[in-house]
Amino acid sequence: MVARHDLTTDPELRDELLTVRRGTAFFARKVTELSDADFDEPSLLPGWSRRHLLAHVGDNARALTRLVQWANTGVETPMYDSPAARDAEIDFGATLPVRALRHLNDHAAISLDVEWRDSPDAAWEATVRTAQGREVPARETVWMRTREVWLHAIDLANGARFSDVPEPVLARLLRDITGTWRARGTDVGLVVAVDGWDDRLGDIESEDPAIVSGELPDLVRWASGRGDTGVTASTGEITPAPRWL
């Protein structure tokens, strides 16, 4: 029997599901505000129109659905057959009529949410593999989708701001980004200082670091490669943040 509510009993996971659903609704609202002609305009992502962005977000939902199905059935279903296949899906999706592209996003988001809803507690801890080859518990799909919908709502370039994103999402994003830099060794001599935070992120062992400071939304904008408005640097020069994705 299909569940009418989330099967998971984990309160933390339930909160995460609420956050991703809020993000999905926010993204959908920003898409609804676009006219059909607006889809041909550039997004904030270099080289991508809003069509490409919508195709990507829809395909991402379908790819994550495959991971959750993997966790629920035990049958391996990768996110994508290959990086080339992923790129081909986006390029094809960008050619769809606007009505079809809207439908793709709505239907894919609903399908993913239903798969999450019907996942029992045991399935959430099953190991799946991301497109980058990382092995993670299926519950990671919730965070993977959370950052997609909140960030790409901003990338639609029709009024969404980083200050619209819930603070816990921004905080986790910044820690994820700086953690990736640390793992790659690309944060040497770089420290990120959030106004109001006691702890600092990045190369905190450096004796003479370049410190980039600002409010949390502004620092996430800079760290994710989307501009440096509102941030300052101890060196006086704000350099582009290290690559994240």
# chains A, B, ... in the order shown; residues from 1 in each chain; ligands from 1

$ residues_around --residues "Thr127 of chain A" --least-positions-apart "3" --cutoff "8 Å" --atoms "only C-alpha atoms" --output "list in words"
Ala71, Glu135, Val136, Pro137 and Ala138 of chain A

$ write_last_selection --atoms "N, CA, C and O atoms" --output "JSON list (two decimals), in the first residue's frame"
[["chain", "number", "residue", "atom", "x", "y", "z"],
["A", 71, "ALA", "N", 18.17, 2.19, -3.30],
["A", 71, "ALA", "CA", 18.15, 1.93, -1.86],
["A", 71, "ALA", "C", 16.93, 1.10, -1.46],
["A", 71, "ALA", "O", 17.01, 0.25, -0.57],
["A", 135, "GLU", "N", 30.46, 6.94, -2.37],
["A", 135, "GLU", "CA", 29.48, 6.04, -1.77],
["A", 135, "GLU", "C", 28.91, 6.71, -0.53],
["A", 135, "GLU", "O", 29.65, 7.07, 0.39],
["A", 136, "VAL", "N", 27.59, 6.88, -0.52],
["A", 136, "VAL", "CA", 26.92, 7.62, 0.55],
["A", 136, "VAL", "C", 25.64, 6.89, 0.94],
["A", 136, "VAL", "O", 25.09, 6.11, 0.15],
["A", 137, "PRO", "N", 25.12, 7.14, 2.16],
["A", 137, "PRO", "CA", 23.81, 6.58, 2.49],
["A", 137, "PRO", "C", 22.73, 7.29, 1.68],
["A", 137, "PRO", "O", 22.89, 8.47, 1.30],
["A", 138, "ALA", "N", 21.64, 6.61, 1.43],
["A", 138, "ALA", "CA", 20.58, 7.17, 0.59],
["A", 138, "ALA", "C", 20.03, 8.47, 1.16],
["A", 138, "ALA", "O", 19.53, 9.32, 0.40]]

$ select_by_dssp --residues "segment 82-172 of chain A" --states "strand (DSSP E or B)" --output "JSON, numbers by chain"
{"A": [127, 128, 129, 135, 136, 137]}

$ closest_residue --among "A:Leu18, A:Val191, A:Ala223, A:Ala241" --to "Ala210 of chain A" --atoms "only C-alpha atoms"
A:Val191

$ closest_residue --among "A:Trp244, A:Val114, A:Ser213, A:Thr77" --to "Asp176 of chain A" --atoms "only C-alpha atoms"
A:Trp244

$ residues_around --residues "Pro78 of chain A" --least-positions-apart "4" --cutoff "9 Å" --atoms "only C-alpha atoms" --output "list in words"
Ala63, Leu64, Arg66, Leu67, Trp70, Val128, Arg129, Thr130 and Ala131 of chain A

$ write_last_selection --atoms "N, CA and C atoms" --output "PDB file, in the first residue's frame"
ATOM      1  N   ALA A  63      17.499  11.594 -11.653  1.00  0.00           N
ATOM      2  CA  ALA A  63      18.706  10.851 -11.295  1.00  0.00           C
ATOM      3  C   ALA A  63      18.708  10.471  -9.817  1.00  0.00           C
ATOM      4  N   LEU A  64      18.280  11.390  -8.966  1.00  0.00           N
ATOM      5  CA  LEU A  64      18.215  11.090  -7.538  1.00  0.00           C
ATOM      6  C   LEU A  64      17.121  10.065  -7.238  1.00  0.00           C
ATOM      7  N   ARG A  66      16.457   7.600  -9.076  1.00  0.00           N
ATOM      8  CA  ARG A  66      17.077   6.300  -9.352  1.00  0.00           C
ATOM      9  C   ARG A  66      17.892   5.812  -8.159  1.00  0.00           C
ATOM     10  N   LEU A  67      18.581   6.742  -7.474  1.00  0.00           N
ATOM     11  CA  LEU A  67      19.349   6.343  -6.292  1.00  0.00           C
ATOM     12  C   LEU A  67      18.438   5.870  -5.162  1.00  0.00           C
ATOM     13  N   TRP A  70      17.229   2.514  -5.929  1.00  0.00           N
ATOM     14  CA  TRP A  70      18.318   1.578  -5.644  1.00  0.00           C
ATOM     15  C   TRP A  70      18.298   1.188  -4.162  1.00  0.00           C
ATOM     16  N   VAL A 128      24.469   4.035  -1.634  1.00  0.00           N
ATOM     17  CA  VAL A 128      24.322   4.285  -3.068  1.00  0.00           C
ATOM     18  C   VAL A 128      25.542   5.074  -3.532  1.00  0.00           C
ATOM     19  N   ARG A 129      25.663   5.278  -4.821  1.00  0.00           N
ATOM     20  CA  ARG A 129      26.853   5.931  -5.363  1.00  0.00           C
ATOM     21  C   ARG A 129      26.455   7.155  -6.180  1.00  0.00           C
ATOM     22  N   THR A 130      27.089   8.287  -5.892  1.00  0.00           N
ATOM     23  CA  THR A 130      26.792   9.522  -6.606  1.00  0.00           C
ATOM     24  C   THR A 130      27.445   9.521  -7.982  1.00  0.00           C
ATOM     25  N   ALA A 131      27.105  10.527  -8.769  1.00  0.00           N
ATOM     26  CA  ALA A 131      27.680  10.643 -10.114  1.00  0.00           C
ATOM     27  C   ALA A 131      29.185  10.861 -10.061  1.00  0.00           C
TER      28      ALA A 131
END

$ residues_around --residues "Trp197 of chain A" --least-positions-apart "3" --cutoff "10 Å" --atoms "only C-alpha atoms" --output "PyMOL selection string"
chain A and resi 193-194+200+215-216

$ closest_residue --among "A:Glu140, A:Glu41, A:Asp155, A:Asp218" --to "Glu16 of chain A" --atoms "only C-alpha atoms"
A:Glu140

$ select_by_dssp --residues "segment 153-218 of chain A" --states "alpha helix (DSSP H)" --output "list of chain:residue names"
A:Ala153, A:Ile154, A:Asp155, A:Glu167, A:Pro168, A:Val169, A:Leu170, A:Ala171, A:Arg172, A:Leu173, A:Leu174, A:Arg175, A:Asp176, A:Ile177, A:Thr178, A:Gly179, A:Thr180, A:Trp181, A:Arg182, A:Ala183, A:Arg184, A:Leu216, A:Pro217, A:Asp218

$ residues_around --residues "segment 226-238 of chain A" --least-positions-apart "2" --cutoff "12 Å" --atoms "only C-alpha atoms" --output "VMD selection string"
chain A and resid 43 to 46 151 to 152 154 to 155 157 161 to 163 189 to 195 208 to 224 240 to 244
